[in-house]
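All remarks here apply to the structure that follows.
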Amino acid sequence: MLRFIGSFFGAIFTMLTLGVLFAALTVGAIFWMYSSDLPSHERLTQYAPPTISRIYTGEGRILDEFIREGERRLFVPAEDIPDLVKQAFISAEDKNFYIHKGYDAGGMIAALVEAVKSRGSDVRGASTITQQVMKNFLLSGDRKGTKGIERKIKEIILATRLESVLSKDRILELYLNEIDLGQRSFGVAAAAQAYFNKTLDQLTPGEAAYLAALPKSPGKGLHPVRDYDRAVDRRNYVLRQMWENGYIDKATYDTERELPLKTVQSGDYPSFREAMPDRSYFTEEIARQLSKNFGSDEFYTGGLTIRATLDPELQVEAAKALRIALEKYDRGRGVWRGTGKRLPAEVLGTEADWRAALASVDVPRDIAGWSPAVVLSVGEKDARIGIEGVDEDADGHFIPAEDVTWARKRLSDGSLAKKARVAGDLVEVGDVVLVRPVTKDADGSFVRWSLRQVPEVQGAFMAMDVNTGRVLAMQGGFSYQESVFNRATLAKRQPGSSFKPFVYAAALDSGFTPATIVVDAPIEVNTPQGLWTPKNASNKFYGPTPLRTGIEQSRNLMTVRIAEEIGMQTVAGYAEKFGVYDRMNPFLANALGAQETTLFQMVAAYAMFANGGERVEPTLVDRVQDRYGRTIYRHDQRVCGDCTAADLPRGEGVEITSNRERVMDAITAYQLTSMMEGVIQRGTARGINLPVPIAGKTGTTNDAKDVWFIGFSSTVVAGCYIGYDTPRSLGDVSGGGFCGPVFESFMKSAVKKYGGSKFKVPPGGHFVNIDRFTGAVLPAEASGDNVVAEYFRDGEEGLTGLGEFVDGGFAMGQNLPLFAYGETEADTGSTVTTATGETAVIPKKADFGTVSSGGLY
């Protein structure tokens, strides 16, 4: 009997043992079968999730962010993620995370029971954080039937492998930076910003708990407004888990669970986007350049931290100065175009309706002081408007008759109507317009609302540090939201006479001096296109004239003769060395600025005049760091041996060593700068008045299709370009009269911030008084308007430099109606009012080029 019982139980034991062994072999076979074709887990050791790249000012204020395909993800290394956030997610998703080896057996059994009950139709829960990482990165999201079971098996296999090659913190880092938490936010940092407008270290326990609840239903089910009660319940569940796991105390749990769930979506916090500046020409140009340098994928998904060179205060001044000039010109044309946008009558009945409709209209909203508005009614004397962002009052807001008398409306046949007498002559009910408040200069009190429109004429402005190349301000047009085309960097236009300094730089390095006499007389050149006869803007001739006067008065004929004398190949070499052109065609007409270039290139080249002739590369970026904070680009390559010293001897500063290339002789740079100071003091830009020494050059092309001014102090160089996008004449304007006031307005602010001094005189030369009309040497005690102190190289013989005078081989005709001694173009110019309210005589089209736009001759 005992033997029988023993045999019976032995058989049962054997069967059980064999069953367990068979089951183990079966499970092992299943795992072996699925493990043979799994994706490599090792690639996760190098994985970096696609992350937002952000641009900051030097003071750390965010300027812009760039992302691809709408996924907002801010990468945060594990060591920078607060413990509170880690603990919340561990409590919600995987409380045994730091204990298990990649999977949780107890959770698996519970999930298996659930699967059996549902007859294999669903496999839920029990996924550890490690398994979720594998699912998110390497596997599909199948959850139903056999597909779900297969995916779960693969998860377990890969999770155990991953735990063998990555630390727990690294796995948690991947999870917390990759997970979808709704609101187009991926990763905890982006979600904290999207839901609470906070950084991770600012989150409360309740807020961290809410984020940790979201992985269960990232897209729906736990919305903080639509599903408020369920969201609070789930938040409180996570809080309870955090308390039970020992991460928070009972008092904190009791306090946090009773608090309301406050979020951006419910209006309790402002959206982070509201604090973000509008995208601008500056940040868009950074994106363009860095995408080219680092590659588009790295820029848009690499989580780069970019420190821009932008000076926010000067950027505001640059945009303001350019807009004032463009709008003033546009209003002077007297044609009303409006926005071309209308709202249907049915949405104008209630304030709520028209405000909602107006908010959806695509009009520029990045113009300081301007607001979109809709015309609600038109009366006999005025038009009532509803203004975006401005509350209605009892009387309403109106455009009065006196505001519209400057304009005429273009009729359907293309003709212009009579000038408007009332607002109804220009606008109709439903028209979407742009307006700004007009205020009194004395006290800033409100006067009236005024109609505005984006000008047809466009332009660009740019300023940079002459020593470092840091671009301080860049405005590529009137409004980025109206037109994203950056005219500072992308618009190739003829620089006109603003190119002439490069001809004179080449001449000074070729034996000329500022007192060299050059013949100013008619020229005829046979070209394949016919006879070319360049002329001066005044259409007069001045005979033998010192080199200085040629640049001060922007003499075309002198410039052509100089270019012919030294050779256009030499001129082209200088233009290419300074970066004005990649390759310059050596045609004589190009000495007058016929070949197209950009404002960006011209301003950068002028900086080399200002800093004494050293190469400086323009940059919009000081530094770029990768997602881990490692510097991968730094613009300033100068060496500062004292910068890391704990202290310095009293009265001494740091010593910075520069190894920059010298692109022109220092004496040449000073001579040219001195001559360009004359442009401001008595030449084609003499209306500019600033408290520090300024040098510069105007430019006006054929038929005034493009006008320029580029100038510099000892610290800042800035340039302005204005013209139509499709070139056509601007009328009776000049570079000095149109762009000069833009430069002057901007530089008043720049000088206050960056200062300025006399331009540094390099060693190796000496000053000699010269008669600027004749080039004659004057005694040291000479004085008067005709006297100018020219700087000559030591040992330089013959002040004319190249014999008696230079004619370029063209000779000089007889009996020319030459100007008398001391006579200048100003004697035939016109009187204008400068930006400062003073009057000045400006030569008519002082820099008028004689080449056709787009042509060579």
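Just remember, in the structure tokens the first chain shown is A, the second B, etc., residues are 1-based per chain, and ligands are 1-based in the order shown.
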Open item on the list: Taking only stretch 250-411 of chain A into account, list the residues labelled alpha helix (DSSP H) by DSSP (computed from the backbone), as a ChimeraX atom specification.
Closed with: /A:250-258,272-275,281-294,296-301,312-333,351-359
Task: For A:His635: contacts at 9 Å, only C-alpha atoms, fewer than 2 positions along chain excluded, given as an MDAnalysis selection string - done: chainID A and resid 468:470 617 619 621:623 633 637
Store the residues picked out above, limited to all heavy atoms, as a JSON list (two decimals), in the first residue's frame.
[["chain", "number", "residue", "atom", "x", "y", "z"],
["A", 468, "THR", "N", 34.73, 92.67, -33.44],
["A", 468, "THR", "CA", 34.44, 91.24, -33.24],
["A", 468, "THR", "C", 33.61, 90.63, -34.35],
["A", 468, "THR", "O", 33.55, 89.41, -34.48],
["A", 468, "THR", "CB", 33.70, 91.02, -31.91],
["A", 468, "THR", "OG1", 32.41, 91.66, -31.98],
["A", 468, "THR", "CG2", 34.48, 91.59, -30.74],
["A", 469, "GLY", "N", 32.92, 91.46, -35.13],
["A", 469, "GLY", "CA", 32.03, 90.94, -36.16],
["A", 469, "GLY", "C", 30.67, 90.54, -35.65],
["A", 469, "GLY", "O", 29.84, 90.01, -36.42],
["A", 470, "ARG", "N", 30.38, 90.79, -34.38],
["A", 470, "ARG", "CA", 29.09, 90.42, -33.81],
["A", 470, "ARG", "C", 28.00, 91.31, -34.40],
["A", 470, "ARG", "O", 28.04, 92.52, -34.25],
["A", 470, "ARG", "CB", 29.12, 90.55, -32.28],
["A", 470, "ARG", "CG", 30.16, 89.67, -31.61],
["A", 470, "ARG", "CD", 30.21, 89.90, -30.11],
["A", 470, "ARG", "NE", 29.00, 89.39, -29.47],
["A", 470, "ARG", "CZ", 28.08, 90.15, -28.90],
["A", 470, "ARG", "NH1", 28.20, 91.46, -28.91],
["A", 470, "ARG", "NH2", 27.02, 89.61, -28.33],
["A", 617, "GLU", "N", 35.02, 88.45, -39.44],
["A", 617, "GLU", "CA", 33.94, 87.65, -40.01],
["A", 617, "GLU", "C", 32.64, 87.99, -39.31],
["A", 617, "GLU", "O", 32.55, 87.87, -38.09],
["A", 617, "GLU", "CB", 34.24, 86.16, -39.87],
["A", 617, "GLU", "CG", 35.48, 85.69, -40.60],
["A", 617, "GLU", "CD", 35.34, 85.77, -42.11],
["A", 617, "GLU", "OE1", 34.18, 85.81, -42.58],
["A", 617, "GLU", "OE2", 36.36, 85.80, -42.80],
["A", 619, "THR", "N", 29.07, 87.57, -37.69],
["A", 619, "THR", "CA", 28.40, 86.42, -37.11],
["A", 619, "THR", "C", 27.16, 86.86, -36.36],
["A", 619, "THR", "O", 27.12, 87.93, -35.75],
["A", 619, "THR", "CB", 29.33, 85.65, -36.15],
["A", 619, "THR", "OG1", 28.62, 84.51, -35.61],
["A", 619, "THR", "CG2", 29.78, 86.52, -34.98],
["A", 621, "VAL", "N", 25.97, 84.59, -34.21],
["A", 621, "VAL", "CA", 26.01, 83.62, -33.12],
["A", 621, "VAL", "C", 27.33, 83.71, -32.38],
["A", 621, "VAL", "O", 28.39, 83.67, -32.99],
["A", 621, "VAL", "CB", 25.82, 82.18, -33.67],
["A", 621, "VAL", "CG1", 26.02, 81.15, -32.56],
["A", 621, "VAL", "CG2", 24.44, 82.03, -34.30],
["A", 622, "ASP", "N", 27.25, 83.87, -31.07],
["A", 622, "ASP", "CA", 28.46, 83.85, -30.24],
["A", 622, "ASP", "C", 28.91, 82.44, -29.95],
["A", 622, "ASP", "O", 30.10, 82.13, -30.01],
["A", 622, "ASP", "CB", 28.20, 84.55, -28.90],
["A", 622, "ASP", "CG", 28.30, 86.06, -29.01],
["A", 622, "ASP", "OD1", 29.13, 86.54, -29.80],
["A", 622, "ASP", "OD2", 27.56, 86.76, -28.31],
["A", 623, "ARG", "N", 27.96, 81.57, -29.62],
["A", 623, "ARG", "CA", 28.31, 80.24, -29.15],
["A", 623, "ARG", "C", 27.16, 79.27, -29.42],
["A", 623, "ARG", "O", 25.99, 79.66, -29.38],
["A", 623, "ARG", "CB", 28.60, 80.28, -27.64],
["A", 623, "ARG", "CG", 29.10, 78.97, -27.03],
["A", 623, "ARG", "CD", 29.22, 79.11, -25.52],
["A", 623, "ARG", "NE", 30.17, 80.15, -25.14],
["A", 623, "ARG", "CZ", 31.45, 79.93, -24.88],
["A", 623, "ARG", "NH1", 31.94, 78.71, -24.97],
["A", 623, "ARG", "NH2", 32.24, 80.91, -24.53],
["A", 633, "TYR", "N", 30.68, 75.25, -31.04],
["A", 633, "TYR", "CA", 31.10, 76.37, -31.89],
["A", 633, "TYR", "C", 31.26, 77.60, -31.03],
["A", 633, "TYR", "O", 30.43, 77.88, -30.15],
["A", 633, "TYR", "CB", 30.07, 76.65, -32.99],
["A", 633, "TYR", "CG", 30.31, 77.98, -33.69],
["A", 633, "TYR", "CD1", 31.27, 78.09, -34.69],
["A", 633, "TYR", "CD2", 29.60, 79.13, -33.32],
["A", 633, "TYR", "CE1", 31.51, 79.30, -35.32],
["A", 633, "TYR", "CE2", 29.84, 80.35, -33.95],
["A", 633, "TYR", "CZ", 30.79, 80.43, -34.94],
["A", 633, "TYR", "OH", 31.04, 81.63, -35.55],
["A", 637, "GLN", "N", 37.71, 83.73, -31.51],
["A", 637, "GLN", "CA", 38.88, 82.87, -31.39],
["A", 637, "GLN", "C", 40.10, 83.60, -30.84],
["A", 637, "GLN", "O", 41.21, 83.06, -30.83],
["A", 637, "GLN", "CB", 39.22, 82.27, -32.76],
["A", 637, "GLN", "CG", 38.10, 81.42, -33.36],
["A", 637, "GLN", "CD", 37.78, 80.22, -32.51],
["A", 637, "GLN", "OE1", 38.67, 79.55, -31.97],
["A", 637, "GLN", "NE2", 36.49, 79.91, -32.37]]
TODO: Give me the residues within 8 Å of stretch 77-83 of chain A as number ranges by chain, counting only C-alpha atoms and dropping any in the same chain fewer than 3 places off.
DONE: A: 86-87, 169-170, 172-173, 200-201, 628
Open item on the list: Just checking: using only C-alpha atoms, which residue out of A:Ala442, A:Leu434, A:Ala463, A:Leu259 ends up closest to A:Asp233?
Closed with: A:Leu259
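The shell of residues at most 9 Å from A:Met747, with only C-alpha atoms counted and near chain neighbours (fewer than 3 positions) removed, consists of Glu317, Leu690, Phe712, Ser713, Val716, Ala718, Val742, Phe743, Glu744, Ala750, Val751 and Lys752 of chain A.
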- [ ] Show which residues sit within 9 Å of A:Val457, as JSON, numbers by chain. Count only C-alpha atoms, and ignore same-chain residues fewer than 4 positions away.
- [x] {"A": [326, 327, 329, 330, 478, 722, 723, 724, 725, 730]}
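Distances to A:Val788 were evaluated for A:Ile770, A:Ala325, A:Val484, A:Ala212 using only C-alpha atoms, and the minimum falls at A:Ile770.
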Open item on the list: Excluding A:Ile90 and its own-chain neighbours fewer than 4 positions away, which residues fall within 10 Å of it when counting only C-alpha atoms? Please give them as a ChimeraX atom specification.
Closed with: /A:84-86,94-98,128-129,172,212,238,241-242,245
Hey, can you spit out that residue selection with all heavy atoms as a CSV table (one decimal), in the first residue's frame?
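Result saved to result_11.csv:
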chain,number,residue,atom,x,y,z
A,84,LEU,N,12.0,64.9,-7.6
A,84,LEU,CA,10.5,64.9,-7.4
A,84,LEU,C,9.8,64.4,-8.7
A,84,LEU,O,8.9,63.6,-8.6
A,84,LEU,CB,10.0,66.3,-7.1
A,84,LEU,CG,8.5,66.5,-6.9
A,84,LEU,CD1,8.0,65.8,-5.7
A,84,LEU,CD2,8.1,68.0,-6.9
A,85,VAL,N,10.3,64.8,-9.9
A,85,VAL,CA,9.7,64.4,-11.1
A,85,VAL,C,10.0,62.9,-11.4
A,85,VAL,O,9.1,62.2,-11.8
A,85,VAL,CB,10.3,65.3,-12.3
A,85,VAL,CG1,9.8,64.8,-13.6
A,85,VAL,CG2,9.9,66.8,-12.1
A,86,LYS,N,11.2,62.5,-11.1
A,86,LYS,CA,11.5,61.1,-11.3
A,86,LYS,C,10.6,60.2,-10.4
A,86,LYS,O,10.1,59.2,-10.8
A,86,LYS,CB,13.0,60.8,-10.9
A,86,LYS,CG,14.0,61.5,-11.9
A,86,LYS,CD,15.4,61.3,-11.4
A,86,LYS,CE,16.5,62.0,-12.2
A,86,LYS,NZ,17.8,61.7,-11.8
A,94,ASP,N,6.1,52.5,-12.4
A,94,ASP,CA,7.0,51.4,-12.2
A,94,ASP,C,7.7,51.5,-10.8
A,94,ASP,O,8.9,51.9,-10.8
A,94,ASP,CB,8.0,51.3,-13.3
A,94,ASP,CG,8.9,50.1,-13.2
A,94,ASP,OD1,8.7,49.2,-12.4
A,94,ASP,OD2,9.8,50.0,-14.1
A,95,LYS,N,7.0,51.2,-9.7
A,95,LYS,CA,7.5,51.5,-8.4
A,95,LYS,C,8.7,50.7,-8.1
A,95,LYS,O,9.5,51.0,-7.2
A,95,LYS,CB,6.5,51.4,-7.4
A,95,LYS,CG,6.0,49.9,-7.1
A,95,LYS,CD,4.9,49.9,-6.0
A,95,LYS,CE,4.4,48.5,-5.8
A,95,LYS,NZ,3.4,48.4,-4.7
A,96,ASN,N,8.9,49.5,-8.8
A,96,ASN,CA,10.1,48.7,-8.6
A,96,ASN,C,11.2,48.9,-9.6
A,96,ASN,O,12.1,48.1,-9.8
A,96,ASN,CB,9.7,47.2,-8.7
A,96,ASN,CG,8.7,46.8,-7.5
A,96,ASN,OD1,8.9,47.3,-6.4
A,96,ASN,ND2,7.7,46.0,-7.9
A,97,PHE,N,11.2,50.1,-10.2
A,97,PHE,CA,12.1,50.4,-11.3
A,97,PHE,C,13.6,50.2,-10.9
A,97,PHE,O,14.3,49.6,-11.7
A,97,PHE,CB,11.9,51.9,-11.7
A,97,PHE,CG,12.9,52.3,-12.7
A,97,PHE,CD1,12.9,51.8,-14.0
A,97,PHE,CD2,13.9,53.2,-12.4
A,97,PHE,CE1,13.8,52.3,-15.0
A,97,PHE,CE2,14.9,53.7,-13.3
A,97,PHE,CZ,14.8,53.2,-14.6
A,98,TYR,N,14.0,50.6,-9.7
A,98,TYR,CA,15.4,50.5,-9.3
A,98,TYR,C,15.7,49.1,-8.8
A,98,TYR,O,16.9,48.9,-8.4
A,98,TYR,CB,15.7,51.6,-8.2
A,98,TYR,CG,15.8,53.0,-8.8
A,98,TYR,CD1,14.9,53.9,-8.5
A,98,TYR,CD2,16.9,53.3,-9.6
A,98,TYR,CE1,15.0,55.2,-9.1
A,98,TYR,CE2,17.1,54.6,-10.1
A,98,TYR,CZ,16.1,55.5,-9.9
A,98,TYR,OH,16.2,56.8,-10.4
A,128,THR,N,7.1,47.7,-17.5
A,128,THR,CA,8.1,48.5,-16.7
A,128,THR,C,8.5,49.7,-17.5
A,128,THR,O,8.2,49.8,-18.7
A,128,THR,CB,9.3,47.7,-16.3
A,128,THR,OG1,10.0,47.4,-17.5
A,128,THR,CG2,8.9,46.5,-15.5
A,129,ILE,N,9.1,50.7,-16.9
A,129,ILE,CA,9.6,51.8,-17.6
A,129,ILE,C,10.6,51.3,-18.7
A,129,ILE,O,10.6,51.9,-19.8
A,129,ILE,CB,10.3,52.8,-16.6
A,129,ILE,CG1,9.2,53.6,-15.9
A,129,ILE,CG2,11.2,53.8,-17.4
A,129,ILE,CD1,9.7,54.5,-14.8
A,172,LEU,N,16.0,56.0,-17.5
A,172,LEU,CA,15.0,56.9,-17.1
A,172,LEU,C,15.1,58.2,-17.9
A,172,LEU,O,14.1,58.8,-18.2
A,172,LEU,CB,15.1,57.2,-15.6
A,172,LEU,CG,14.0,57.9,-14.9
A,172,LEU,CD1,12.7,57.1,-15.0
A,172,LEU,CD2,14.3,58.2,-13.4
A,212,ALA,N,2.9,62.9,-14.4
A,212,ALA,CA,3.1,61.4,-14.3
A,212,ALA,C,1.9,60.6,-14.6
A,212,ALA,O,2.0,59.4,-15.0
A,212,ALA,CB,3.7,61.1,-12.9
A,238,VAL,N,-1.7,59.3,-8.1
A,238,VAL,CA,-0.2,59.3,-8.2
A,238,VAL,C,0.4,59.9,-6.9
A,238,VAL,O,1.4,59.4,-6.4
A,238,VAL,CB,0.3,60.1,-9.4
A,238,VAL,CG1,1.8,60.2,-9.5
A,238,VAL,CG2,-0.2,59.4,-10.7
A,241,GLN,N,0.4,57.3,-4.3
A,241,GLN,CA,1.5,56.3,-4.6
A,241,GLN,C,2.9,56.9,-4.1
A,241,GLN,O,3.7,56.2,-3.5
A,241,GLN,CB,1.6,55.9,-6.0
A,241,GLN,CG,0.4,55.2,-6.5
A,241,GLN,CD,0.3,53.8,-5.8
A,241,GLN,OE1,1.2,53.0,-5.7
A,241,GLN,NE2,-0.9,53.5,-5.3
A,242,MET,N,3.1,58.2,-4.4
A,242,MET,CA,4.3,58.9,-3.9
A,242,MET,C,4.4,58.9,-2.4
A,242,MET,O,5.5,58.7,-1.9
A,242,MET,CB,4.3,60.3,-4.5
A,242,MET,CG,4.4,60.4,-6.0
A,242,MET,SD,4.3,62.1,-6.6
A,242,MET,CE,5.8,62.8,-6.0
A,245,ASN,N,5.1,55.3,-1.2
A,245,ASN,CA,6.5,54.9,-1.6
A,245,ASN,C,7.5,55.7,-0.8
A,245,ASN,O,8.7,55.5,-1.0
A,245,ASN,CB,6.7,55.0,-3.1
A,245,ASN,CG,5.9,54.1,-3.9
A,245,ASN,OD1,5.5,53.0,-3.4
A,245,ASN,ND2,5.6,54.4,-5.1
- [ ] Do a neighbour search on A:Gly396 at 8 Å with only C-alpha atoms, toss out local chain neighbours closer than 2 positions, and write the hits as a list in words.
- [x] Arg384, Ile385, Gly386, Glu392, Asp393, Ala394 and Phe398 of chain A
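Between A:Arg630 and the residues A:Val654, A:Leu304, A:Leu290, A:Ala594, the shortest atom-to-atom distance, using only C-alpha atoms, involves A:Leu304.
The coordinates place atom CA of A:Val422 at 7.5 Å from atom CA of A:Glu402.
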- [ ] Name the residues of stretch 292-483 of chain A that fall into strand (DSSP E) according to DSSP on the backbone, using the chain letters and numbers of this document, as a PyMOL selection string.
- [x] chain A and resi 305-308+335-336+341-342+371-378+382-387+397-400+408-409+431-439+446-452+458-465+471-475
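For the choices A:Ile286, A:Ala251, A:Ile710, A:Ala88, the atom-to-atom distance to A:Thr204 is smallest for A:Ala88 when using only C-alpha atoms.
Taking atom CA of A:Met676 as the reference point, atom CA of A:Ala695 is found at 4.8 Å.
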